[in-house]
Every structure is written in structure tokens, then in C-alpha cells.
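Source file: start01.cif (mmCIF, C-alpha atoms)
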```
data_query
loop_
_atom_site.group_PDB
_atom_site.id
_atom_site.type_symbol
_atom_site.label_atom_id
_atom_site.label_comp_id
_atom_site.auth_asym_id
_atom_site.auth_seq_id
_atom_site.Cartn_x
_atom_site.Cartn_y
_atom_site.Cartn_z
ATOM 1 C CA MET O 1 -24.578 12.796 -14.541
ATOM 2 C CA LEU O 2 -20.781 12.821 -14.827
ATOM 3 C CA GLN O 3 -18.922 11.019 -12.059
ATOM 4 C CA ARG O 4 -15.205 10.713 -11.385
ATOM 5 C CA GLY O 5 -14.422 7.261 -9.992
ATOM 6 C CA LYS O 6 -11.800 5.971 -7.626
ATOM 7 C CA VAL O 7 -8.105 5.980 -8.390
ATOM 8 C CA LYS O 8 -6.884 2.576 -9.477
ATOM 9 C CA GLY O 9 -5.314 0.812 -6.507
ATOM 10 C CA SER O 10 -7.483 -2.204 -5.889
ATOM 11 C CA GLY O 11 -4.981 -4.573 -7.520
ATOM 12 C CA LEU O 12 -2.055 -3.575 -5.311
ATOM 13 C CA VAL O 13 -2.904 -5.767 -2.325
ATOM 14 C CA PRO O 14 -3.539 -8.969 -4.363
ATOM 15 C CA VAL O 15 -0.225 -8.603 -6.206
ATOM 16 C CA VAL O 16 1.799 -8.060 -3.034
ATOM 17 C CA ALA O 17 -0.101 -10.804 -1.196
ATOM 18 C CA SER O 18 0.581 -13.256 -4.034
ATOM 19 C CA ALA O 19 4.285 -12.409 -3.956
ATOM 20 C CA VAL O 20 4.388 -12.918 -0.189
ATOM 21 C CA ALA O 21 2.553 -16.233 -0.593
ATOM 22 C CA VAL O 22 5.214 -17.415 -3.047
ATOM 23 C CA ALA O 23 7.940 -16.472 -0.559
ATOM 24 C CA VAL O 24 6.140 -18.311 2.247
ATOM 25 C CA TRP O 25 5.828 -21.320 -0.043
ATOM 26 C CA GLY O 26 9.569 -21.256 -0.631
ATOM 27 C CA ILE O 27 10.272 -21.093 3.101
ATOM 28 C CA GLY O 28 7.975 -24.035 3.719
ATOM 29 C CA VAL O 29 9.594 -26.127 0.999
ATOM 30 C CA LEU O 30 13.067 -25.418 2.351
ATOM 31 C CA HIS O 31 12.100 -26.339 5.899
ATOM 32 C CA VAL O 32 10.485 -29.597 4.837
ATOM 33 C CA ALA O 33 13.537 -30.457 2.764
ATOM 34 C CA GLY O 34 15.799 -29.561 5.675
ATOM 35 C CA LEU O 35 13.894 -31.823 8.052
ATOM 36 C CA LEU O 36 14.068 -34.677 5.577
ATOM 37 C CA HIS O 37 17.748 -34.094 4.968
ATOM 38 C CA GLY O 38 18.761 -34.534 8.586
ATOM 39 C CA ALA O 39 20.054 -32.834 11.707
ATOM 40 C CA PRO O 40 22.537 -30.328 10.159
ATOM 41 C CA PHE O 41 19.667 -28.044 9.067
ATOM 42 C CA ASP O 42 18.484 -26.729 12.409
ATOM 43 C CA PRO O 43 15.995 -23.852 11.878
ATOM 44 C CA LEU O 44 16.978 -22.267 15.198
ATOM 45 C CA HIS O 45 20.650 -22.159 14.287
ATOM 46 C CA LEU O 46 20.846 -21.793 10.509
ATOM 47 C CA THR O 47 19.506 -18.837 8.566
ATOM 48 C CA LEU O 48 17.259 -19.194 5.551
ATOM 49 C CA SER O 49 20.168 -18.415 3.243
ATOM 50 C CA ASP O 50 22.040 -21.440 4.613
ATOM 51 C CA TYR O 51 19.424 -23.709 3.018
ATOM 52 C CA VAL O 52 21.100 -23.047 -0.310
ATOM 53 C CA GLY O 53 23.139 -26.168 0.422
ATOM 54 C CA LEU O 54 20.046 -28.357 -0.013
ATOM 55 C CA PRO O 55 19.309 -29.954 -3.392
ATOM 56 C CA GLY O 56 17.337 -27.358 -5.297
ATOM 57 C CA GLY O 57 17.819 -24.838 -2.505
ATOM 58 C CA TYR O 58 19.353 -22.223 -4.800
ATOM 59 C CA LEU O 59 16.360 -22.360 -7.139
ATOM 60 C CA VAL O 60 13.756 -22.127 -4.362
ATOM 61 C CA LEU O 61 15.568 -19.242 -2.707
ATOM 62 C CA GLY O 62 15.836 -17.490 -6.060
ATOM 63 C CA ILE O 63 12.100 -17.824 -6.692
ATOM 64 C CA ALA O 64 11.260 -16.457 -3.243
ATOM 65 C CA ALA O 65 13.683 -13.552 -3.677
ATOM 66 C CA GLY O 66 12.266 -12.727 -7.096
ATOM 67 C CA ALA O 67 8.719 -12.686 -5.755
ATOM 68 C CA LEU O 68 9.619 -10.296 -2.937
ATOM 69 C CA ALA O 69 11.554 -8.088 -5.352
ATOM 70 C CA LEU O 70 8.409 -7.865 -7.473
ATOM 71 C CA ALA O 71 6.365 -6.896 -4.415
ATOM 72 C CA ALA O 72 8.798 -4.110 -3.521
ATOM 73 C CA THR O 73 8.820 -2.841 -7.106
ATOM 74 C CA VAL O 74 5.027 -2.654 -7.174
ATOM 75 C CA LEU O 75 5.057 -0.798 -3.850
ATOM 76 C CA ALA O 76 7.648 1.662 -5.156
ATOM 77 C CA VAL O 77 5.505 2.437 -8.212
ATOM 78 C CA ALA O 78 2.370 2.794 -6.080
ATOM 79 C CA ALA O 79 4.174 5.083 -3.629
ATOM 80 C CA ALA O 80 5.406 7.277 -6.480
ATOM 81 C CA ARG O 81 1.892 7.577 -7.905
ATOM 82 C CA ALA O 82 0.524 8.394 -4.457
ATOM 83 C CA GLY O 83 2.889 11.342 -4.109
ATOM 84 C CA ALA O 84 5.589 9.877 -1.862
ATOM 85 C CA SER O 85 9.006 11.510 -1.804
ATOM 86 C CA ARG O 86 11.791 10.404 -4.096
ATOM 87 C CA VAL O 87 13.723 9.136 -1.079
ATOM 88 C CA VAL O 88 10.954 6.695 -0.181
ATOM 89 C CA VAL O 89 10.585 5.501 -3.771
ATOM 90 C CA ALA O 90 14.354 5.090 -4.106
ATOM 91 C CA LEU O 91 14.603 3.099 -0.864
ATOM 92 C CA LEU O 92 11.813 0.736 -1.901
ATOM 93 C CA ALA O 93 13.383 0.284 -5.328
ATOM 94 C CA SER O 94 16.793 -0.353 -3.775
ATOM 95 C CA TRP O 95 15.224 -2.990 -1.512
ATOM 96 C CA ALA O 96 13.971 -4.780 -4.621
ATOM 97 C CA VAL O 97 17.420 -4.607 -6.221
ATOM 98 C CA ALA O 98 19.089 -5.897 -3.053
ATOM 99 C CA MET O 99 16.652 -8.814 -2.960
ATOM 100 C CA VAL O 100 17.595 -9.744 -6.521
ATOM 101 C CA VAL O 101 21.293 -9.497 -5.657
ATOM 102 C CA ALA O 102 20.822 -11.686 -2.585
ATOM 103 C CA GLY O 103 19.033 -14.266 -4.713
ATOM 104 C CA ILE O 104 21.660 -14.324 -7.459
ATOM 105 C CA PHE O 105 24.674 -14.362 -5.133
ATOM 106 C CA PRO O 106 24.133 -17.116 -2.550
ATOM 107 C CA THR O 107 25.895 -17.454 0.754
ATOM 108 C CA ASN O 108 28.425 -20.177 1.363
ATOM 109 C CA PRO O 109 27.005 -23.580 2.367
ATOM 110 C CA PRO O 110 27.255 -24.400 6.086
ATOM 111 C CA GLY O 111 30.685 -25.626 7.083
ATOM 112 C CA THR O 112 32.502 -24.032 4.143
ATOM 113 C CA PRO O 113 34.600 -20.834 4.247
ATOM 114 C CA PRO O 114 32.956 -17.683 2.849
ATOM 115 C CA ASP O 115 34.089 -16.278 -0.474
ATOM 116 C CA VAL O 116 33.462 -13.091 -2.437
ATOM 117 C CA VAL O 117 30.039 -14.271 -3.570
ATOM 118 C CA ALA O 118 29.021 -14.946 0.033
ATOM 119 C CA ALA O 119 30.269 -11.492 1.046
ATOM 120 C CA VAL O 120 28.072 -9.870 -1.627
ATOM 121 C CA HIS O 121 25.120 -11.853 -0.324
ATOM 122 C CA ARG O 122 25.736 -10.724 3.243
ATOM 123 C CA TYR O 123 26.033 -7.042 2.360
ATOM 124 C CA ALA O 124 22.840 -7.276 0.348
ATOM 125 C CA GLY O 125 21.188 -8.912 3.358
ATOM 126 C CA VAL O 126 22.250 -6.068 5.644
ATOM 127 C CA TRP O 127 20.671 -3.614 3.214
ATOM 128 C CA LEU O 128 17.473 -5.662 3.088
ATOM 129 C CA PHE O 129 17.059 -5.835 6.834
ATOM 130 C CA THR O 130 17.817 -2.135 7.333
ATOM 131 C CA VAL O 131 16.169 -0.245 4.484
ATOM 132 C CA LEU O 132 12.589 -1.494 4.451
ATOM 133 C CA PRO O 133 11.652 -0.318 7.991
ATOM 134 C CA ILE O 134 13.208 3.084 7.284
ATOM 135 C CA ALA O 135 11.377 3.428 3.968
ATOM 136 C CA VAL O 136 8.021 2.542 5.514
ATOM 137 C CA VAL O 137 8.487 4.959 8.431
ATOM 138 C CA LEU O 138 9.157 7.775 5.973
ATOM 139 C CA LEU O 139 6.223 6.675 3.847
ATOM 140 C CA ALA O 140 3.892 6.680 6.853
ATOM 141 C CA ARG O 141 4.813 10.309 7.583
ATOM 142 C CA SER O 142 4.044 11.445 4.023
ATOM 143 C CA PRO O 143 0.727 12.528 2.466
ATOM 144 C CA ALA O 144 0.785 9.359 0.361
ATOM 145 C CA VAL O 145 -0.707 7.453 3.311
ATOM 146 C CA ALA O 146 -4.047 8.326 4.864
ATOM 147 C CA ALA O 147 -3.958 9.606 8.431
ATOM 148 C CA ALA O 148 -5.988 6.638 9.664
ATOM 149 C CA ALA O 149 -3.279 4.183 8.557
ATOM 150 C CA ARG O 150 -0.186 6.091 9.674
ATOM 151 C CA ARG O 151 -0.126 4.937 13.280
ATOM 152 C CA SER O 152 -0.421 1.221 12.474
ATOM 153 C CA LEU O 153 2.136 1.469 9.673
ATOM 154 C CA THR O 154 4.592 3.333 11.895
ATOM 155 C CA LEU O 155 4.283 0.851 14.754
ATOM 156 C CA GLN O 156 4.830 -2.146 12.499
ATOM 157 C CA SER O 157 7.835 -0.566 10.822
ATOM 158 C CA LEU O 158 9.338 0.202 14.230
ATOM 159 C CA ALA O 159 8.774 -3.416 15.295
ATOM 160 C CA ALA O 160 10.526 -4.601 12.146
ATOM 161 C CA GLY O 161 13.351 -2.167 12.826
ATOM 162 C CA VAL O 162 13.830 -3.564 16.342
ATOM 163 C CA ALA O 163 13.910 -7.112 14.979
ATOM 164 C CA SER O 164 16.419 -6.025 12.341
ATOM 165 C CA ALA O 165 18.649 -4.398 14.938
ATOM 166 C CA GLY O 166 18.506 -7.555 17.041
ATOM 167 C CA PHE O 167 19.457 -9.738 14.099
ATOM 168 C CA LEU O 168 22.379 -7.536 13.130
ATOM 169 C CA ALA O 169 23.515 -7.420 16.753
ATOM 170 C CA CYS O 170 23.696 -11.222 16.762
ATOM 171 C CA HIS O 171 26.357 -10.972 14.062
ATOM 172 C CA VAL O 172 28.389 -8.605 16.227
ATOM 173 C CA ILE O 173 28.223 -10.687 19.408
ATOM 174 C CA GLY O 174 30.640 -13.279 18.153
ATOM 175 C CA THR O 175 31.908 -15.076 15.050
ATOM 176 C CA ASP O 176 33.955 -18.184 14.423
ATOM 177 C CA PRO O 177 37.299 -18.176 12.566
ATOM 178 C CA SER O 178 35.482 -18.390 9.224
ATOM 179 C CA GLY O 179 33.505 -15.234 9.981
ATOM 180 C CA ALA O 180 30.191 -16.995 10.555
ATOM 181 C CA PRO O 181 28.114 -15.770 13.528
ATOM 182 C CA THR O 182 28.091 -18.004 16.590
ATOM 183 C CA PHE O 183 24.886 -16.783 18.236
ATOM 184 C CA PRO O 184 22.996 -20.022 19.056
ATOM 185 C CA LEU O 185 19.497 -18.787 18.121
ATOM 186 C CA LEU O 186 20.450 -16.816 15.036
ATOM 187 C CA GLY O 187 18.076 -18.764 12.802
ATOM 188 C CA GLY O 188 15.121 -18.171 15.089
ATOM 189 C CA VAL O 189 15.819 -14.444 15.304
ATOM 190 C CA GLU O 190 16.106 -14.210 11.526
ATOM 191 C CA ARG O 191 12.780 -15.969 11.009
ATOM 192 C CA LEU O 192 11.045 -13.505 13.319
ATOM 193 C CA LEU O 193 12.623 -10.672 11.372
ATOM 194 C CA TYR O 194 11.629 -12.266 8.078
ATOM 195 C CA LEU O 195 8.045 -12.615 9.268
ATOM 196 C CA SER O 196 7.920 -8.983 10.379
ATOM 197 C CA LEU O 197 9.155 -7.857 6.960
ATOM 198 C CA LEU O 198 6.505 -9.901 5.162
ATOM 199 C CA VAL O 199 3.782 -8.427 7.362
ATOM 200 C CA LEU O 200 5.221 -4.971 6.746
ATOM 201 C CA LEU O 201 4.991 -5.460 2.982
ATOM 202 C CA LEU O 202 1.339 -6.451 3.253
ATOM 203 C CA THR O 203 0.500 -3.575 5.602
ATOM 204 C CA THR O 204 2.205 -1.074 3.322
ATOM 205 C CA ALA O 205 0.299 -2.355 0.307
ATOM 206 C CA ARG O 206 -2.987 -2.087 2.159
ATOM 207 C CA ALA O 207 -2.237 1.437 3.374
ATOM 208 C CA LEU O 208 -1.353 2.634 -0.127
ATOM 209 C CA ALA O 209 -4.410 0.969 -1.627
ATOM 210 C CA ARG O 210 -6.727 2.573 0.932
ATOM 211 C CA SER O 211 -5.145 5.970 0.399
ATOM 212 C CA ALA O 212 -5.504 5.655 -3.373
ATOM 213 C CA ALA O 213 -9.251 5.024 -3.097
ATOM 214 C CA ALA O 214 -10.454 8.583 -3.668
ATOM 215 C CA PRO O 215 -14.175 9.211 -3.081
ATOM 216 C CA ALA O 216 -16.337 9.748 -6.104
ATOM 217 C CA VAL O 217 -17.066 13.352 -7.046
ATOM 218 C CA VAL O 218 -20.375 14.308 -8.626
ATOM 219 C CA VAL O 219 -19.862 16.978 -11.271
ATOM 220 C CA GLY O 220 -23.408 17.387 -12.593
ATOM 221 C CA GLY O 221 -26.888 16.739 -11.288
ATOM 222 C CA PRO O 222 -30.075 15.357 -12.770
ATOM 223 C CA ALA O 223 -32.156 17.625 -14.968
ATOM 224 C CA VAL O 224 -35.157 19.211 -13.285
ATOM 225 C CA PRO O 225 -38.166 20.444 -15.245
ATOM 226 C CA SER O 226 -38.172 24.220 -15.545
ATOM 227 C CA GLY O 227 -41.649 24.532 -14.201
ATOM 228 C CA LEU O 228 -40.741 23.188 -10.775
ATOM 229 C CA PRO O 229 -39.478 25.524 -8.041
ATOM 230 C CA GLY O 230 -35.739 25.497 -7.536
ATOM 231 C CA ALA O 231 -35.021 24.198 -11.036
ATOM 232 C CA ALA O 232 -32.582 27.000 -11.691
ATOM 233 C CA LEU O 233 -30.320 25.803 -8.841
ATOM 234 C CA THR O 234 -30.572 22.025 -9.101
ATOM 235 C CA GLY O 235 -30.317 21.119 -12.756
ATOM 236 C CA ALA O 236 -27.874 21.908 -15.476
ATOM 237 C CA ALA O 237 -27.618 25.494 -14.235
ATOM 238 C CA LEU O 238 -25.160 24.232 -11.583
ATOM 239 C CA THR O 239 -22.574 23.506 -14.254
ATOM 240 C CA GLY O 240 -23.419 26.270 -16.697
ATOM 241 C CA SER O 241 -22.803 29.955 -16.650
ATOM 242 C CA ALA O 242 -25.572 30.700 -14.199
ATOM 243 C CA LEU O 243 -23.166 30.283 -11.286
ATOM 244 C CA THR O 244 -20.124 31.774 -12.964
ATOM 245 C CA GLY O 245 -21.493 34.748 -14.894
ATOM 246 C CA SER O 246 -23.248 37.891 -13.924
ATOM 247 C CA ALA O 247 -25.873 36.018 -11.941
ATOM 248 C CA LEU O 248 -23.453 35.891 -8.994
ATOM 249 C CA THR O 249 -21.808 39.268 -9.430
ATOM 250 C CA GLY O 250 -24.446 41.562 -10.950
ATOM 251 C CA PRO O 251 -27.181 43.420 -9.075
ATOM 252 C CA ALA O 252 -30.182 41.425 -8.067
ATOM 253 C CA ALA O 253 -33.324 42.031 -10.097
ATOM 254 C CA PRO O 254 -36.082 43.784 -8.114
ATOM 255 C CA ALA O 255 -38.886 41.547 -7.038
ATOM 256 C CA PRO O 256 -42.125 42.198 -8.921
ATOM 257 C CA LEU O 257 -44.843 44.007 -6.969
ATOM 258 C CA PRO O 258 -47.824 41.868 -6.046
ATOM 259 C CA VAL O 259 -50.808 42.389 -8.289
ATOM 260 C CA PRO O 260 -54.173 42.215 -6.493
ATOM 261 C CA PRO O 261 -56.640 39.783 -7.962
ATOM 262 C CA ARG O 262 -59.191 41.243 -10.330
ATOM 263 C CA THR O 263 -62.769 41.061 -8.979
ATOM 264 C CA PRO O 264 -65.400 40.723 -11.747
ATOM 265 C CA LEU O 265 -68.081 43.478 -11.754
ATOM 266 C CA PRO O 266 -71.684 42.331 -11.145
ATOM 267 C CA HIS O 267 -73.935 42.393 -14.183
ATOM 268 C CA PRO O 268 -77.443 43.926 -13.637
ATOM 269 C CA THR O 269 -80.377 41.594 -14.037
ATOM 270 C CA PRO O 270 -82.846 42.925 -16.598
ATOM 271 C CA ALA O 271 -86.374 43.700 -15.278
ATOM 272 C CA PHE O 272 -89.409 41.768 -16.520
ATOM 273 C CA THR O 273 -90.943 43.764 -19.385
ATOM 274 C CA GLY O 274 -93.683 41.459 -20.588
ATOM 275 C CA SER O 275 -97.049 42.889 -21.845
ATOM 276 C CA PRO O 276 -99.999 43.065 -19.467
ATOM 277 C CA SER O 277 -102.695 40.528 -19.974
#
```
Starting from the file, give its structure as C-alpha cells.
Amino acid sequence: MLQRGKVKGSGLVPVVASAVAVAVWGIGVLHVAGLLHGAPFDPLHLTLSDYVGLPGGYLVLGIAAGALALAATVLAVAAARAGASRVVVALLASWAVAMVVAGIFPTNPPGTPPDVVAAVHRYAGVWLFTVLPIAVVLLARSPAVAAAARRSLTLQSLAAGVASAGFLACHVIGTDPSGAPTFPLLGGVERLLYLSLLVLLLTTARALARSAAAPAVVVGGPAVPSGLPGAALTGAALTGSALTGSALTGPAAPAPLPVPPRTPLPHPTPAFTGSPS
């Protein structure tokens, strides 16, 4: 029996989950280091990028950014294989590139004026916070995602989009002379947005993996002895020419007429012919 198995997609979720775990590890390390360093690193006021001023902060942020860039790259490849549009694949790939750029070009440390490098980091951050929800919404509306997962994926991408809009609005509300935002809870808003993006990455990976799991298709059936009734329709004849040749298109053979059973003729019993005594 020949069987076509499932499309490979079972490794997508573990890879993306591992990348997200590395990013969460980096966030945890930075927060512990910030608490040990002192009061200037307030998680409700400072963004995650501001932790670059900690000892080793640039390295930890770079590792986290690289892990998330890997996750987005894997999702872009999986979306392309699943039949997503080129726009979706390009947006996911650009998100990975922007994450690498944001990791290479750090923001200015708190209390210092921004420079060109910090400006590159900020523009890359705007792209990161904007593109991923849009890409996932478009992906959820494509045939690459199963219908059962579209609603959940759309709702989570919309939630991430609202958080992104709120974070970007905080930068518009007010800035200090150096150009830094003055919204008092900017760090808290960014962490909520960051969490929503991580969840969105995991949900997208799961949706693509479930959609890639195609059901097995049986091509042939087990052989059936020819003497059994129905053997011509259940065995190898299903895959041979019996269903594709003249058996389906030609005239049906007339059914044989029933033959009555043959009744044996009685044999006469010979009479007794013995001699008289």
C-alpha cells in the first residue's frame, strides 16, 4: 500500500519557540542587571533598548535580536512554502532584517543626546512594531493558513497592532529637547507590545504548522484474492487500467442466462431372474 505522508512542518513551532525563549532570557537578564545596577533603570520608564547602557547590555540585546530575526526568517520560509503571497513573505523577511539592524545599531544610552546610530535604531524599531501585525493579518486571510486558525490569528494580530499604535502614539505625545519621549509609562507600554509580538510569532508558527499537516492519502489498497466477491473493485484493479480503460466507457457485457440444475435420470432396477428350485 502506497501512502503519501504529511508535509514537513512539525519542526517549525520548536524552532520559533526556542528563538522566543532566547529573547525572553535576554529580557530577564537585562531586568535583573537593571535592578542590581540601581534606580536609573526603571522598567516602567525606560524601553528595552535603553538597557544597552548596562555592562554587557549590547551583547544581550544583540543575542535576543538575532534569535527573533531567525524566528521571522523561518516563518517567512514556511509561509512561502505554504503558498502565501510575495507581499507577506517580503514583510516577514523585512521584519527579520529590521531586527538585525536594530541589534547592530543601538540607541543612545539614557541621558545622552541621540546620534545617527540611534536614529537608525529608532527607524528600525518603528518598522518592527508596524510590519509584523500587518504581515500576520495578510497571512491569516490567505490560503496558507487553515480556516480554523484564521480567526485567532487575526484577533491576535489586531491586538498587537493596537499595542503598536499606542506605543508609537506615546512618542508623539511629547519629547524632551534631546528628542527622547517624555511619556511616563513608555517602558510599560513597550513591554506589553513586546509581549504581544512574541505571542504573535508563536501563534503564527503554530498556524502554519497546522496548515502544513496534510492528511495522508491512500493510493493503493490491499490485494484481495480473486476468488472472493468484489475482488475486482477492491484490490489492485483500483489503480490499474480496470477503472481507466474500456471497463468504464465500453458497453456492459450481458449477464449470463441462468442454467437450470441437471436432474439425474433414475436407473431401472433389474428384476430377479434366478432359476426355479
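Among O:Leu30, O:Leu138, O:Val126, O:Leu200, the residue with the shortest atom-to-atom distance to Arg86 of chain O, counting only C-alpha atoms, is O:Leu138.
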Expansion of the PyMOL selection byres ((chain O and resi 136) around 8) into residues, as a PyMOL selection string: chain O and resi 88+132-135+137-140+153-154+157+204
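Proximity to His121 of chain O was assessed for O:Val52, O:Ala82, O:Leu92, O:Val199 counting only C-alpha atoms; the smallest distance is recorded for O:Val52.
Proximity to Arg81 of chain O was assessed for O:Ala163, O:Val15, O:Ala144, O:Leu185 counting only C-alpha atoms; the smallest distance is recorded for O:Ala144.
Ranking O:Ala165, O:Trp95, O:Asp115, O:Pro109 by their shortest atom-to-atom distance to Val131 of chain O, with all atoms listed in the file included, puts O:Trp95 first.
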When you draw a straight line from atom CA of Gly111 of chain O to atom CA of Leu195 of chain O, how long is it in Å? 26.2 Å
Padding of 6 Å on every side, edges along x, y and z, all listed atoms of segment 139-157 of chain O included: what centre and edge lengths in Å, to one decimal, does that box have, as JSON?
```
{"center_x": 0.9, "center_y": 5.2, "center_z": 7.6, "size_x": 25.8, "size_y": 26.7, "size_z": 26.4}
```
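The two atoms in question, atom CA of Ser164 of chain O and atom CA of Phe129 of chain O, are spaced 5.5 Å apart.
The shortest atom-to-atom distance to Gly161 of chain O, with all atoms listed in the file taken into account, belongs to O:Thr130 out of O:Thr130, O:Ser85, O:Ser142, O:Thr47.
Nearest-residue note for Val100 of chain O: choosing from O:Gly125, O:Pro40, O:Gly83, O:Gly66, the minimum distance belongs to O:Gly66, counting only C-alpha atoms.
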Apply the PyMOL selection byres ((chain O and resi 33) around 12) to the displayed file and report the matching residues as a PDB file with C-alpha atoms, in the frame of the given file.
```
ATOM      1  CA  GLY O  26       9.569 -21.256  -0.631  1.00  0.00           C
ATOM      2  CA  ILE O  27      10.272 -21.093   3.101  1.00  0.00           C
ATOM      3  CA  GLY O  28       7.975 -24.035   3.719  1.00  0.00           C
ATOM      4  CA  VAL O  29       9.594 -26.127   0.999  1.00  0.00           C
ATOM      5  CA  LEU O  30      13.067 -25.418   2.351  1.00  0.00           C
ATOM      6  CA  HIS O  31      12.100 -26.339   5.899  1.00  0.00           C
ATOM      7  CA  VAL O  32      10.485 -29.597   4.837  1.00  0.00           C
ATOM      8  CA  GLY O  34      15.799 -29.561   5.675  1.00  0.00           C
ATOM      9  CA  LEU O  35      13.894 -31.823   8.052  1.00  0.00           C
ATOM     10  CA  LEU O  36      14.068 -34.677   5.577  1.00  0.00           C
ATOM     11  CA  HIS O  37      17.748 -34.094   4.968  1.00  0.00           C
ATOM     12  CA  GLY O  38      18.761 -34.534   8.586  1.00  0.00           C
ATOM     13  CA  ALA O  39      20.054 -32.834  11.707  1.00  0.00           C
ATOM     14  CA  PRO O  40      22.537 -30.328  10.159  1.00  0.00           C
ATOM     15  CA  PHE O  41      19.667 -28.044   9.067  1.00  0.00           C
ATOM     16  CA  ASP O  42      18.484 -26.729  12.409  1.00  0.00           C
ATOM     17  CA  PRO O  43      15.995 -23.852  11.878  1.00  0.00           C
ATOM     18  CA  TYR O  51      19.424 -23.709   3.018  1.00  0.00           C
ATOM     19  CA  VAL O  52      21.100 -23.047  -0.310  1.00  0.00           C
ATOM     20  CA  GLY O  53      23.139 -26.168   0.422  1.00  0.00           C
ATOM     21  CA  LEU O  54      20.046 -28.357  -0.013  1.00  0.00           C
ATOM     22  CA  PRO O  55      19.309 -29.954  -3.392  1.00  0.00           C
ATOM     23  CA  GLY O  56      17.337 -27.358  -5.297  1.00  0.00           C
ATOM     24  CA  GLY O  57      17.819 -24.838  -2.505  1.00  0.00           C
ATOM     25  CA  VAL O  60      13.756 -22.127  -4.362  1.00  0.00           C
TER      26      VAL O  60
END
```
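Selection by the PyMOL selection byres ((chain O and resi 105) around 12) on the present file picks out Ser49, Val52, Tyr58, Leu59, Leu61, Gly62, Ala65, Ala98, Met99, Val100, Val101, Ala102, Gly103, Ile104, Pro106, Thr107, Asn108, Pro114, Asp115, Val116, Val117, Ala118, Ala119, Val120, His121, Arg122, Tyr123, Ala124 and Gly125 of chain O.
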Next, the residues of the selection above should be written as an mmCIF file, in the coordinates of the input with C-alpha atoms.
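Output saved as out.cif:
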```cif
data_model
loop_
_atom_site.group_PDB
_atom_site.id
_atom_site.type_symbol
_atom_site.label_atom_id
_atom_site.label_comp_id
_atom_site.auth_asym_id
_atom_site.auth_seq_id
_atom_site.Cartn_x
_atom_site.Cartn_y
_atom_site.Cartn_z
ATOM 1 C CA SER O 49 20.168 -18.415 3.243
ATOM 2 C CA VAL O 52 21.100 -23.047 -0.310
ATOM 3 C CA TYR O 58 19.353 -22.223 -4.800
ATOM 4 C CA LEU O 59 16.360 -22.360 -7.139
ATOM 5 C CA LEU O 61 15.568 -19.242 -2.707
ATOM 6 C CA GLY O 62 15.836 -17.490 -6.060
ATOM 7 C CA ALA O 65 13.683 -13.552 -3.677
ATOM 8 C CA ALA O 98 19.089 -5.897 -3.053
ATOM 9 C CA MET O 99 16.652 -8.814 -2.960
ATOM 10 C CA VAL O 100 17.595 -9.744 -6.521
ATOM 11 C CA VAL O 101 21.293 -9.497 -5.657
ATOM 12 C CA ALA O 102 20.822 -11.686 -2.585
ATOM 13 C CA GLY O 103 19.033 -14.266 -4.713
ATOM 14 C CA ILE O 104 21.660 -14.324 -7.459
ATOM 15 C CA PRO O 106 24.133 -17.116 -2.550
ATOM 16 C CA THR O 107 25.895 -17.454 0.754
ATOM 17 C CA ASN O 108 28.425 -20.177 1.363
ATOM 18 C CA PRO O 114 32.956 -17.683 2.849
ATOM 19 C CA ASP O 115 34.089 -16.278 -0.474
ATOM 20 C CA VAL O 116 33.462 -13.091 -2.437
ATOM 21 C CA VAL O 117 30.039 -14.271 -3.570
ATOM 22 C CA ALA O 118 29.021 -14.946 0.033
ATOM 23 C CA ALA O 119 30.269 -11.492 1.046
ATOM 24 C CA VAL O 120 28.072 -9.870 -1.627
ATOM 25 C CA HIS O 121 25.120 -11.853 -0.324
ATOM 26 C CA ARG O 122 25.736 -10.724 3.243
ATOM 27 C CA TYR O 123 26.033 -7.042 2.360
ATOM 28 C CA ALA O 124 22.840 -7.276 0.348
ATOM 29 C CA GLY O 125 21.188 -8.912 3.358
#
```
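Take atom CA of Ala148 of chain O and atom CA of Leu91 of chain O: the distance between them is 23.4 Å.
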